[in-house]
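Shown next: model-v6.cif, containing mmCIF, C-alpha atoms.
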```cif
data_start
#
loop_
_atom_site.group_PDB
_atom_site.id
_atom_site.type_symbol
_atom_site.label_atom_id
_atom_site.label_comp_id
_atom_site.auth_asym_id
_atom_site.auth_seq_id
_atom_site.Cartn_x
_atom_site.Cartn_y
_atom_site.Cartn_z
ATOM 1 C CA MET A 999 -146.391 174.147 90.972
ATOM 2 C CA ASN A 1000 -145.645 175.001 87.351
ATOM 3 C CA ASP A 1001 -148.540 177.274 86.348
ATOM 4 C CA ILE A 1002 -147.725 180.974 86.410
ATOM 5 C CA HIS A 1003 -151.264 181.636 87.681
ATOM 6 C CA SER A 1004 -151.050 179.151 90.568
ATOM 7 C CA ASP A 1005 -148.676 181.179 92.759
ATOM 8 C CA PRO A 1006 -150.635 184.029 94.418
ATOM 9 C CA SER A 1007 -147.472 185.906 95.416
ATOM 10 C CA PHE A 1008 -146.310 186.034 91.804
ATOM 11 C CA VAL A 1009 -149.750 186.695 90.326
ATOM 12 C CA ASP A 1010 -150.213 189.761 92.548
ATOM 13 C CA LEU A 1011 -146.872 191.217 91.474
ATOM 14 C CA ARG A 1012 -147.100 190.268 87.805
ATOM 15 C CA PRO A 1013 -148.889 193.396 86.437
ATOM 16 C CA ARG A 1014 -146.311 195.663 88.083
ATOM 17 C CA LEU A 1015 -143.434 193.533 86.802
ATOM 18 C CA VAL A 1016 -144.814 193.574 83.243
ATOM 19 C CA ARG A 1017 -145.259 197.349 83.472
ATOM 20 C CA LEU A 1018 -141.661 197.768 84.639
ATOM 21 C CA ALA A 1019 -140.339 195.544 81.849
ATOM 22 C CA TYR A 1020 -142.435 197.370 79.256
ATOM 23 C CA ARG A 1021 -141.139 200.760 80.433
ATOM 24 C CA MET A 1022 -137.596 199.442 80.124
ATOM 25 C CA LEU A 1023 -138.001 197.768 76.729
ATOM 26 C CA GLY A 1024 -140.848 199.558 74.933
ATOM 27 C CA SER A 1025 -142.202 196.215 73.771
ATOM 28 C CA VAL A 1026 -145.191 194.350 75.185
ATOM 29 C CA ALA A 1027 -144.044 191.011 73.768
ATOM 30 C CA ASP A 1028 -140.514 191.410 75.133
ATOM 31 C CA ALA A 1029 -141.891 192.483 78.521
ATOM 32 C CA GLU A 1030 -144.101 189.387 78.689
ATOM 33 C CA ASP A 1031 -141.140 187.181 77.742
ATOM 34 C CA VAL A 1032 -138.958 188.729 80.446
ATOM 35 C CA VAL A 1033 -141.599 188.199 83.131
ATOM 36 C CA GLN A 1034 -142.103 184.622 81.961
ATOM 37 C CA ASP A 1035 -138.357 184.080 82.265
ATOM 38 C CA ALA A 1036 -138.446 185.663 85.728
ATOM 39 C CA TRP A 1037 -141.201 183.216 86.685
ATOM 40 C CA ALA A 1038 -138.993 180.269 85.690
ATOM 41 C CA ARG A 1039 -136.146 181.632 87.811
ATOM 42 C CA TRP A 1040 -138.544 182.275 90.681
ATOM 43 C CA LEU A 1041 -139.592 178.610 90.545
ATOM 44 C CA ALA A 1042 -135.967 177.548 90.833
ATOM 45 C CA ALA A 1043 -135.260 179.826 93.819
ATOM 46 C CA ASP A 1044 -135.367 178.721 97.452
ATOM 47 C CA ARG A 1045 -138.447 180.789 98.219
ATOM 48 C CA ASP A 1046 -138.517 179.773 101.871
ATOM 49 C CA ALA A 1047 -135.316 181.783 102.258
ATOM 50 C CA VAL A 1048 -136.695 184.831 100.447
ATOM 51 C CA ARG A 1049 -137.825 187.537 102.863
ATOM 52 C CA ALA A 1050 -138.759 190.097 100.201
ATOM 53 C CA PRO A 1051 -140.265 188.393 97.135
ATOM 54 C CA ALA A 1052 -141.102 191.700 95.439
ATOM 55 C CA ALA A 1053 -137.510 192.932 95.705
ATOM 56 C CA LEU A 1054 -136.110 189.656 94.381
ATOM 57 C CA LEU A 1055 -138.512 189.578 91.439
ATOM 58 C CA ARG A 1056 -137.786 193.229 90.594
ATOM 59 C CA THR A 1057 -134.088 192.418 90.596
ATOM 60 C CA ILE A 1058 -134.570 189.411 88.320
ATOM 61 C CA VAL A 1059 -136.760 191.365 85.900
ATOM 62 C CA MET A 1060 -134.486 194.400 85.842
ATOM 63 C CA ARG A 1061 -131.343 192.389 85.134
ATOM 64 C CA LEU A 1062 -133.104 190.464 82.386
ATOM 65 C CA CYS A 1063 -134.216 193.787 80.899
ATOM 66 C CA LEU A 1064 -130.695 195.211 81.006
ATOM 67 C CA ASN A 1065 -129.467 192.161 79.093
ATOM 68 C CA GLU A 1066 -132.333 192.421 76.591
ATOM 69 C CA LEU A 1067 -131.651 196.116 75.961
ATOM 70 C CA LYS A 1068 -128.280 195.299 74.447
ATOM 71 C CA SER A 1069 -129.807 193.320 71.608
ATOM 72 C CA ALA A 1070 -132.891 195.563 71.391
ATOM 73 C CA ARG A 1071 -130.752 198.630 70.753
ATOM 74 C CA ARG A 1072 -128.837 196.834 68.023
ATOM 75 C CA ARG A 1073 -132.146 195.954 66.336
ATOM 76 C CA ARG A 1074 -133.302 199.558 66.518
ATOM 77 C CA GLU A 1075 -130.168 200.744 64.752
ATOM 78 C CA THR A 1076 -131.392 198.949 61.624
ATOM 79 C CA TYR A 1077 -135.079 199.780 62.122
ATOM 80 C CA ILE A 1078 -136.737 201.253 59.024
ATOM 81 C CA GLY A 1079 -138.269 204.676 59.638
ATOM 82 C CA PRO A 1080 -139.204 206.247 62.987
ATOM 83 C CA TRP A 1081 -139.359 203.922 65.996
ATOM 84 C CA LEU A 1082 -142.164 204.185 68.548
ATOM 85 C CA PRO A 1083 -142.802 201.968 71.568
ATOM 86 C CA GLU A 1084 -145.648 199.508 71.233
ATOM 87 C CA PRO A 1085 -148.855 201.344 72.154
ATOM 88 C CA ILE A 1086 -150.557 200.481 75.419
ATOM 89 C CA VAL A 1087 -154.269 201.212 75.665
ATOM 90 C CA GLU A 1088 -154.993 202.251 79.229
ATOM 91 C CA VAL A 1089 -157.382 200.207 81.343
ATOM 92 C CA GLU A 1090 -159.033 201.187 84.596
ATOM 93 C CA GLU A 1091 -156.711 199.204 86.851
ATOM 94 C CA PRO A 1092 -154.725 201.322 89.325
ATOM 95 C CA GLU A 1093 -151.775 198.933 89.429
ATOM 96 C CA THR A 1094 -151.149 199.422 85.715
ATOM 97 C CA ILE A 1095 -151.235 203.224 85.656
ATOM 98 C CA ASP A 1096 -148.252 205.553 86.044
ATOM 99 C CA ASP A 1097 -147.328 209.000 84.783
ATOM 100 C CA ILE A 1098 -145.107 207.896 81.902
ATOM 101 C CA THR A 1099 -146.541 209.223 78.644
ATOM 102 C CA LEU A 1100 -145.526 208.343 75.096
ATOM 103 C CA PRO A 1101 -143.204 211.378 74.679
ATOM 104 C CA LEU A 1102 -141.457 210.420 77.893
ATOM 105 C CA MET A 1103 -141.111 206.830 76.703
ATOM 106 C CA ILE A 1104 -139.387 208.145 73.584
ATOM 107 C CA ALA A 1105 -137.127 210.330 75.733
ATOM 108 C CA LEU A 1106 -136.186 207.294 77.840
ATOM 109 C CA GLU A 1107 -134.631 205.822 74.709
ATOM 110 C CA ARG A 1108 -131.922 208.493 74.901
ATOM 111 C CA LEU A 1109 -130.802 207.344 78.350
ATOM 112 C CA SER A 1110 -128.210 204.716 79.088
ATOM 113 C CA PRO A 1111 -129.738 201.421 80.291
ATOM 114 C CA LEU A 1112 -128.600 202.056 83.873
ATOM 115 C CA GLU A 1113 -129.949 205.624 83.880
ATOM 116 C CA ARG A 1114 -133.239 204.326 82.590
ATOM 117 C CA ALA A 1115 -133.351 201.600 85.235
ATOM 118 C CA ALA A 1116 -132.530 203.934 88.136
ATOM 119 C CA PHE A 1117 -135.062 206.532 87.002
ATOM 120 C CA LEU A 1118 -137.895 204.051 86.494
ATOM 121 C CA LEU A 1119 -137.329 202.167 89.727
ATOM 122 C CA HIS A 1120 -136.977 205.260 91.925
ATOM 123 C CA ASP A 1121 -138.963 208.060 90.278
ATOM 124 C CA VAL A 1122 -141.764 206.036 88.696
ATOM 125 C CA PHE A 1123 -142.145 202.932 90.846
ATOM 126 C CA GLY A 1124 -141.146 204.577 94.141
ATOM 127 C CA ILE A 1125 -138.345 202.183 95.060
ATOM 128 C CA GLY A 1126 -135.757 203.431 97.573
ATOM 129 C CA PHE A 1127 -132.190 203.844 96.358
ATOM 130 C CA GLY A 1128 -131.037 201.023 98.633
ATOM 131 C CA ASP A 1129 -133.285 198.574 96.786
ATOM 132 C CA VAL A 1130 -132.478 200.179 93.429
ATOM 133 C CA ALA A 1131 -128.815 199.500 94.162
ATOM 134 C CA GLY A 1132 -129.572 195.838 94.759
ATOM 135 C CA ALA A 1133 -131.621 195.567 91.561
ATOM 136 C CA ILE A 1134 -128.973 196.989 89.229
ATOM 137 C CA ASP A 1135 -125.860 195.982 91.203
ATOM 138 C CA ARG A 1136 -124.560 199.498 91.852
ATOM 139 C CA GLU A 1137 -123.929 201.556 94.999
ATOM 140 C CA PRO A 1138 -126.848 203.704 96.272
ATOM 141 C CA ALA A 1139 -124.839 206.894 95.680
ATOM 142 C CA THR A 1140 -124.260 205.833 92.074
ATOM 143 C CA CYS A 1141 -127.977 205.139 91.659
ATOM 144 C CA ARG A 1142 -128.800 208.648 92.892
ATOM 145 C CA LYS A 1143 -126.456 210.119 90.297
ATOM 146 C CA LEU A 1144 -127.917 207.912 87.554
ATOM 147 C CA ALA A 1145 -131.466 208.982 88.399
ATOM 148 C CA SER A 1146 -130.441 212.640 88.615
ATOM 149 C CA ARG A 1147 -128.785 212.530 85.175
ATOM 150 C CA ALA A 1148 -131.852 210.835 83.772
ATOM 151 C CA ARG A 1149 -134.120 213.602 85.101
ATOM 152 C CA GLU A 1150 -131.968 216.247 83.455
ATOM 153 C CA HIS A 1151 -131.991 214.449 80.108
ATOM 154 C CA ILE A 1152 -135.763 213.976 79.988
ATOM 155 C CA ARG A 1153 -136.902 217.176 81.700
ATOM 156 C CA ALA A 1154 -138.225 218.652 78.438
ATOM 157 C CA ALA A 1155 -140.384 215.581 77.822
ATOM 158 C CA ARG A 1156 -142.284 215.964 81.093
ATOM 159 C CA PRO A 1157 -145.807 217.280 80.432
ATOM 160 C CA ARG A 1158 -146.100 220.945 81.442
ATOM 161 C CA PHE A 1159 -149.753 221.339 80.508
ATOM 162 C CA VAL A 1160 -152.218 218.933 82.063
ATOM 163 C CA VAL A 1161 -155.177 217.973 79.900
ATOM 164 C CA THR A 1162 -158.064 216.083 81.454
ATOM 165 C CA LYS A 1163 -158.931 212.723 79.941
ATOM 166 C CA GLU A 1164 -162.372 213.950 78.895
ATOM 167 C CA HIS A 1165 -161.091 217.108 77.197
ATOM 168 C CA GLY A 1166 -158.230 215.243 75.558
ATOM 169 C CA LEU A 1167 -160.625 212.735 74.034
ATOM 170 C CA GLU A 1168 -162.838 215.591 72.806
ATOM 171 C CA ILE A 1169 -159.852 217.028 70.932
ATOM 172 C CA ALA A 1170 -159.029 213.549 69.608
ATOM 173 C CA ALA A 1171 -162.598 213.204 68.309
ATOM 174 C CA ALA A 1172 -162.392 216.609 66.612
ATOM 175 C CA PHE A 1173 -159.058 215.671 65.036
ATOM 176 C CA TYR A 1174 -160.408 212.340 63.805
ATOM 177 C CA ALA A 1175 -163.505 213.932 62.262
ATOM 178 C CA ALA A 1176 -161.615 216.781 60.573
ATOM 179 C CA SER A 1177 -158.824 214.582 59.199
ATOM 180 C CA ARG A 1178 -161.181 211.914 57.849
ATOM 181 C CA ASN A 1179 -163.789 214.332 56.457
ATOM 182 C CA GLY A 1180 -161.225 216.522 54.729
ATOM 183 C CA ASP A 1181 -162.096 219.575 56.842
ATOM 184 C CA MET A 1182 -158.707 221.237 56.503
ATOM 185 C CA GLY A 1183 -159.833 224.489 58.138
ATOM 186 C CA THR A 1184 -160.869 222.775 61.359
ATOM 187 C CA LEU A 1185 -157.816 220.541 61.251
ATOM 188 C CA ARG A 1186 -155.486 223.525 60.929
ATOM 189 C CA SER A 1187 -157.170 225.189 63.924
ATOM 190 C CA LEU A 1188 -156.399 222.147 66.076
ATOM 191 C CA LEU A 1189 -152.679 222.042 65.297
ATOM 192 C CA ALA A 1190 -149.827 224.056 66.788
ATOM 193 C CA GLU A 1191 -147.448 225.896 64.459
ATOM 194 C CA ASP A 1192 -144.576 223.613 65.479
ATOM 195 C CA VAL A 1193 -146.586 220.387 65.364
ATOM 196 C CA THR A 1194 -144.737 217.187 64.466
ATOM 197 C CA ALA A 1195 -146.082 213.892 63.129
ATOM 198 C CA CYS A 1196 -144.294 210.571 63.506
ATOM 199 C CA THR A 1197 -145.463 207.323 61.919
ATOM 200 C CA ASP A 1198 -144.012 203.908 62.775
ATOM 201 C CA GLY A 1199 -144.518 201.404 59.977
ATOM 202 C CA GLY A 1200 -141.343 199.436 60.588
ATOM 203 C CA GLY A 1201 -140.810 199.017 56.847
ATOM 204 C CA LYS A 1202 -143.740 196.600 56.768
ATOM 205 C CA VAL A 1203 -146.570 198.933 55.738
ATOM 206 C CA PRO A 1204 -146.746 202.373 54.055
ATOM 207 C CA ALA A 1205 -145.568 205.154 56.396
ATOM 208 C CA SER A 1206 -143.656 208.424 56.210
ATOM 209 C CA PRO A 1207 -139.934 207.544 56.311
ATOM 210 C CA ARG A 1208 -139.137 210.446 58.640
ATOM 211 C CA PRO A 1209 -141.015 212.662 61.119
ATOM 212 C CA LEU A 1210 -142.951 215.546 59.595
ATOM 213 C CA VAL A 1211 -142.047 218.870 61.199
ATOM 214 C CA GLY A 1212 -144.107 222.056 61.230
ATOM 215 C CA LEU A 1213 -147.687 222.982 60.409
ATOM 216 C CA ALA A 1214 -147.134 223.348 56.650
ATOM 217 C CA GLU A 1215 -145.601 219.890 56.257
ATOM 218 C CA VAL A 1216 -148.173 218.160 58.466
ATOM 219 C CA MET A 1217 -151.070 219.883 56.705
ATOM 220 C CA ALA A 1218 -149.690 218.988 53.260
ATOM 221 C CA ARG A 1219 -149.626 215.337 54.272
ATOM 222 C CA HIS A 1220 -153.202 215.499 55.563
ATOM 223 C CA VAL A 1221 -154.380 216.970 52.279
ATOM 224 C CA GLN A 1222 -152.998 213.824 50.620
ATOM 225 C CA LEU A 1223 -154.545 211.605 53.282
ATOM 226 C CA ALA A 1224 -157.956 213.236 52.862
ATOM 227 C CA GLN A 1225 -158.000 212.053 49.243
ATOM 228 C CA GLU A 1226 -157.092 208.546 50.369
ATOM 229 C CA PHE A 1227 -159.791 208.550 53.067
ATOM 230 C CA SER A 1228 -162.417 209.636 50.509
ATOM 231 C CA GLN A 1229 -161.630 206.534 48.437
ATOM 232 C CA SER A 1230 -161.095 204.130 51.352
ATOM 233 C CA PRO A 1231 -162.818 205.380 54.510
ATOM 234 C CA SER A 1232 -161.210 204.913 57.888
ATOM 235 C CA LEU A 1233 -163.103 202.705 60.368
ATOM 236 C CA LEU A 1234 -163.085 204.014 63.940
ATOM 237 C CA ILE A 1235 -162.814 201.231 66.519
ATOM 238 C CA ARG A 1236 -162.858 203.508 69.557
ATOM 239 C CA TYR A 1237 -161.326 206.496 71.242
ATOM 240 C CA ALA A 1238 -158.792 205.624 73.924
ATOM 241 C CA VAL A 1239 -155.970 206.824 76.134
ATOM 242 C CA ILE A 1240 -152.802 205.459 74.527
ATOM 243 C CA ASP A 1241 -149.669 205.554 76.658
ATOM 244 C CA GLY A 1242 -151.072 208.472 78.609
ATOM 245 C CA LEU A 1243 -152.188 210.456 75.547
ATOM 246 C CA PRO A 1244 -155.679 210.871 74.068
ATOM 247 C CA GLY A 1245 -156.161 209.158 70.752
ATOM 248 C CA PHE A 1246 -158.030 206.514 68.831
ATOM 249 C CA ILE A 1247 -157.766 203.058 67.293
ATOM 250 C CA THR A 1248 -158.789 202.640 63.665
ATOM 251 C CA VAL A 1249 -158.760 200.179 60.804
ATOM 252 C CA GLU A 1250 -157.364 201.783 57.661
ATOM 253 C CA SER A 1251 -157.117 200.876 53.972
ATOM 254 C CA GLY A 1252 -156.219 197.251 53.438
ATOM 255 C CA GLY A 1253 -157.533 196.241 56.869
ATOM 256 C CA LEU A 1254 -154.537 197.685 58.704
ATOM 257 C CA MET A 1255 -155.055 198.432 62.377
ATOM 258 C CA GLN A 1256 -153.571 201.740 63.492
ATOM 259 C CA THR A 1257 -153.272 203.728 66.697
ATOM 260 C CA THR A 1258 -153.061 207.521 66.786
ATOM 261 C CA ALA A 1259 -151.977 209.323 69.960
ATOM 262 C CA LEU A 1260 -152.026 213.097 70.334
ATOM 263 C CA GLN A 1261 -149.818 215.236 72.539
ATOM 264 C CA ILE A 1262 -151.681 218.403 73.536
ATOM 265 C CA ALA A 1263 -150.381 221.653 75.037
ATOM 266 C CA GLU A 1264 -152.278 224.903 75.512
ATOM 267 C CA GLU A 1265 -155.322 223.564 73.635
ATOM 268 C CA LYS A 1266 -153.282 222.680 70.534
ATOM 269 C CA ILE A 1267 -151.992 219.368 69.203
ATOM 270 C CA VAL A 1268 -148.196 219.586 69.294
ATOM 271 C CA ALA A 1269 -147.359 216.015 68.274
ATOM 272 C CA ILE A 1270 -149.091 213.174 66.441
ATOM 273 C CA TYR A 1271 -147.828 209.624 67.030
ATOM 274 C CA ILE A 1272 -149.110 206.943 64.652
ATOM 275 C CA THR A 1273 -148.276 203.261 64.954
ATOM 276 C CA ARG A 1274 -148.967 201.089 61.903
ATOM 277 C CA ASN A 1275 -146.380 198.325 62.213
ATOM 278 C CA PRO A 1276 -148.564 195.192 62.513
ATOM 279 C CA ASP A 1277 -145.995 193.507 64.755
ATOM 280 C CA LYS A 1278 -146.557 196.215 67.356
ATOM 281 C CA LEU A 1279 -150.348 195.980 67.349
ATOM 282 C CA ARG A 1280 -151.040 192.275 67.774
ATOM 283 C CA HIS A 1281 -151.564 192.628 71.518
ATOM 284 C CA LEU A 1282 -154.417 195.107 70.892
ATOM 285 C CA ASP A 1283 -156.760 192.566 69.353
ATOM 286 C CA SER A 1284 -158.274 191.731 72.738
ATOM 287 C CA VAL A 1285 -158.797 195.350 73.822
ATOM 288 C CA SER A 1286 -159.556 197.166 70.585
ATOM 289 C CA VAL A 1287 -163.229 196.280 70.477
ATOM 290 C CA GLN A 1288 -164.013 196.677 74.181
#
```

What is this file in structure tokens?
Amino acid sequence: MNDIHSDPSFVDLRPRLVRLAYRMLGSVADAEDVVQDAWARWLAADRDAVRAPAALLRTIVMRLCLNELKSARRRRETYIGPWLPEPIVEVEEPETIDDITLPLMIALERLSPLERAAFLLHDVFGIGFGDVAGAIDREPATCRKLASRAREHIRAARPRFVVTKEHGLEIAAAFYAASRNGDMGTLRSLLAEDVTACTDGGGKVPASPRPLVGLAEVMARHVQLAQEFSQSPSLLIRYAVIDGLPGFITVESGGLMQTTALQIAEEKIVAIYITRNPDKLRHLDSVSVQ
């Protein structure tokens, strides 16, 4: 048995394992690689002696992720411009949905690897601290402290204002129309005074080298963009929920695919997250036109 799809016990767990690895690493490609590596180790294990396959596979994946984070963090230290996790376009599959939004993913980057692991396993995936301890090789009491510290660090990133999917996508549609049509009055009415805009180009495509902060700065940039859109119109692929936030997928000047995700609070857009780095969008080819 050497096909990853030929083992029902692994196939059933695979979406959850990929989701866990993605939440740890912020990279779809790295998450897929980790789960593939876990599959190889699962093949080599004495599975007749394994009483809890899910726990063993979680442990394998988590330890591989902790190792990967060491090199991933070194790479991010030399990353050009703002770094955003690879965007995930939500699908209607319950096993792939959790309450981690893009702002929370960014906040997770500020945690230590062990804090991140304890928080994700316990608070997001509902794993008891006894099993968390086994997965990250720490005592249960230590895992409780790690998760508690993580909650304190990321408390501000937790969404305080719930926006329904339908209403969020309505705001995304209004933002798209106003920004592409050069309707600066409508655009201004959609944005909060303290709005921020962050664009991840990875040094590979044109992008703002730092986050834009405040309504004046964000509006000034959109005045420039409106001129660019008038000369090279943006092509809307579709509206979508991107890492828990309403947004849209487009093709911009030069054939560049782009995702835009909007954080909304009290009916205003408080943050705009744009991913343009082509390396982070390859996995969207199969979902972008659905």

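Ranking A:Leu1082, A:Val1130, A:Ala1224, A:Ile1235 by their shortest atom-to-atom distance to Arg1274 (chain A), with only C-alpha atoms included, puts A:Leu1082 first.
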
inquiry  = Using only C-alpha atoms, can you tell me which of A:Leu1189, A:Ala1116, A:Leu1233, A:Val1009 comes closest to Arg1061 (chain A)?
reply    = A:Ala1116

inquiry  = Show me the residues close to (-147.3, 198.6, 59.9) - anything with an atom within 9 Å, counting all atoms listed in the file - and format the list as number ranges by chain.
reply    = A: 1198-1205, 1254-1256, 1273-1279

Selected residues, C-alpha atoms, written as a short mmCIF file (atom, residue, chain, number, x, y, z; two decimals), in the coordinates of the input, please.
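Saved file part.cif follows:
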```
data_model
loop_
_atom_site.label_atom_id
_atom_site.label_comp_id
_atom_site.auth_asym_id
_atom_site.auth_seq_id
_atom_site.Cartn_x
_atom_site.Cartn_y
_atom_site.Cartn_z
CA ASP A 1198 -144.01 203.91 62.78
CA GLY A 1199 -144.52 201.40 59.98
CA GLY A 1200 -141.34 199.44 60.59
CA GLY A 1201 -140.81 199.02 56.85
CA LYS A 1202 -143.74 196.60 56.77
CA VAL A 1203 -146.57 198.93 55.74
CA PRO A 1204 -146.75 202.37 54.06
CA ALA A 1205 -145.57 205.15 56.40
CA LEU A 1254 -154.54 197.68 58.70
CA MET A 1255 -155.06 198.43 62.38
CA GLN A 1256 -153.57 201.74 63.49
CA THR A 1273 -148.28 203.26 64.95
CA ARG A 1274 -148.97 201.09 61.90
CA ASN A 1275 -146.38 198.32 62.21
CA PRO A 1276 -148.56 195.19 62.51
CA ASP A 1277 -146.00 193.51 64.76
CA LYS A 1278 -146.56 196.22 67.36
CA LEU A 1279 -150.35 195.98 67.35
#
```

Selection: 12 Å around Ala1029 (chain A), only C-alpha atoms, excl. self and same-chain fewer than 6 positions, as a CSV table (one decimal) with C-alpha atoms, in the frame of the given file:
```
chain,number,residue,atom,x,y,z
A,1012,ARG,CA,-147.1,190.3,87.8
A,1013,PRO,CA,-148.9,193.4,86.4
A,1014,ARG,CA,-146.3,195.7,88.1
A,1015,LEU,CA,-143.4,193.5,86.8
A,1016,VAL,CA,-144.8,193.6,83.2
A,1017,ARG,CA,-145.3,197.3,83.5
A,1018,LEU,CA,-141.7,197.8,84.6
A,1019,ALA,CA,-140.3,195.5,81.8
A,1020,TYR,CA,-142.4,197.4,79.3
A,1021,ARG,CA,-141.1,200.8,80.4
A,1022,MET,CA,-137.6,199.4,80.1
A,1023,LEU,CA,-138.0,197.8,76.7
A,1035,ASP,CA,-138.4,184.1,82.3
A,1036,ALA,CA,-138.4,185.7,85.7
A,1059,VAL,CA,-136.8,191.4,85.9
A,1060,MET,CA,-134.5,194.4,85.8
A,1062,LEU,CA,-133.1,190.5,82.4
A,1063,CYS,CA,-134.2,193.8,80.9
A,1064,LEU,CA,-130.7,195.2,81.0
A,1066,GLU,CA,-132.3,192.4,76.6
A,1067,LEU,CA,-131.7,196.1,76.0
A,1070,ALA,CA,-132.9,195.6,71.4
A,1083,PRO,CA,-142.8,202.0,71.6
A,1084,GLU,CA,-145.6,199.5,71.2
A,1281,HIS,CA,-151.6,192.6,71.5
```

Proximity to Tyr1237 (chain A) - best of A:Pro1080, A:Gly1252, A:Gly1183, A:Gly1166, only C-alpha atoms = A:Gly1166

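Taking CA of Leu1106 (chain A) as the reference point, CA of Cys1141 (chain A) is found at 16.2 Å.
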
key: Atomic distance CA of Met1103 (chain A) - CA of Arg1153 (chain A), expressed in Å with one decimal   = 12.2 Å

Residue members of the PyMOL selection byres ((chain A and resi 1229) around 12) in the file shown, as an mmCIF file with C-alpha atoms, in the frame of the given file:
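Contents of part.cif, as written:
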```cif
data_model
loop_
_atom_site.group_PDB
_atom_site.id
_atom_site.type_symbol
_atom_site.label_atom_id
_atom_site.label_comp_id
_atom_site.auth_asym_id
_atom_site.auth_seq_id
_atom_site.Cartn_x
_atom_site.Cartn_y
_atom_site.Cartn_z
ATOM 1 C CA ARG A 1178 -161.181 211.914 57.849
ATOM 2 C CA ASN A 1179 -163.789 214.332 56.457
ATOM 3 C CA GLY A 1180 -161.225 216.522 54.729
ATOM 4 C CA GLN A 1222 -152.998 213.824 50.620
ATOM 5 C CA LEU A 1223 -154.545 211.605 53.282
ATOM 6 C CA ALA A 1224 -157.956 213.236 52.862
ATOM 7 C CA GLN A 1225 -158.000 212.053 49.243
ATOM 8 C CA GLU A 1226 -157.092 208.546 50.369
ATOM 9 C CA PHE A 1227 -159.791 208.550 53.067
ATOM 10 C CA SER A 1228 -162.417 209.636 50.509
ATOM 11 C CA SER A 1230 -161.095 204.130 51.352
ATOM 12 C CA PRO A 1231 -162.818 205.380 54.510
ATOM 13 C CA SER A 1232 -161.210 204.913 57.888
ATOM 14 C CA GLU A 1250 -157.364 201.783 57.661
ATOM 15 C CA SER A 1251 -157.117 200.876 53.972
ATOM 16 C CA GLY A 1252 -156.219 197.251 53.438
#
```

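The closest residue to Ala1263 (chain A), picked from A:Thr1162, A:Thr1248, A:Ser1206, A:Ser1146 and counting only C-alpha atoms, is A:Thr1162.
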
key: Polymer residues at most 10 Å from Ile1098 (chain A), only C-alpha atoms, same-chain spacing of 6 or more positions, as a ChimeraX atom specification   = /A:1021,1106,1118,1122,1155-1157,1241-1243

ask   = So what do you get for CA of Leu1055 (chain A) versus CA of Ile1125 (chain A), distance-wise?
value = 13.1 Å

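Of the listed residues A:Glu1265, A:Asp1135, A:Asp1192, A:Glu1030, the one whose atoms come nearest to His1165 (chain A) is A:Glu1265, with distances taken using only C-alpha atoms.
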
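Near Pro1244 (chain A), within 6 Å and counting all atoms listed in the file, sit A:Gly1166, A:Leu1167, A:Val1239, A:Ala1259, A:Leu1260; same-chain residues fewer than 4 positions away were not included.
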
Filtering to C-alpha atoms, could you give me those residues as a PDB file, keeping the file's coordinate frame?
```
ATOM      1  CA  GLY A1166    -158.230 215.243  75.558  1.00  0.00           C
ATOM      2  CA  LEU A1167    -160.625 212.735  74.034  1.00  0.00           C
ATOM      3  CA  VAL A1239    -155.970 206.824  76.134  1.00  0.00           C
ATOM      4  CA  ALA A1259    -151.977 209.323  69.960  1.00  0.00           C
ATOM      5  CA  LEU A1260    -152.026 213.097  70.334  1.00  0.00           C
TER       6      LEU A1260
END
```
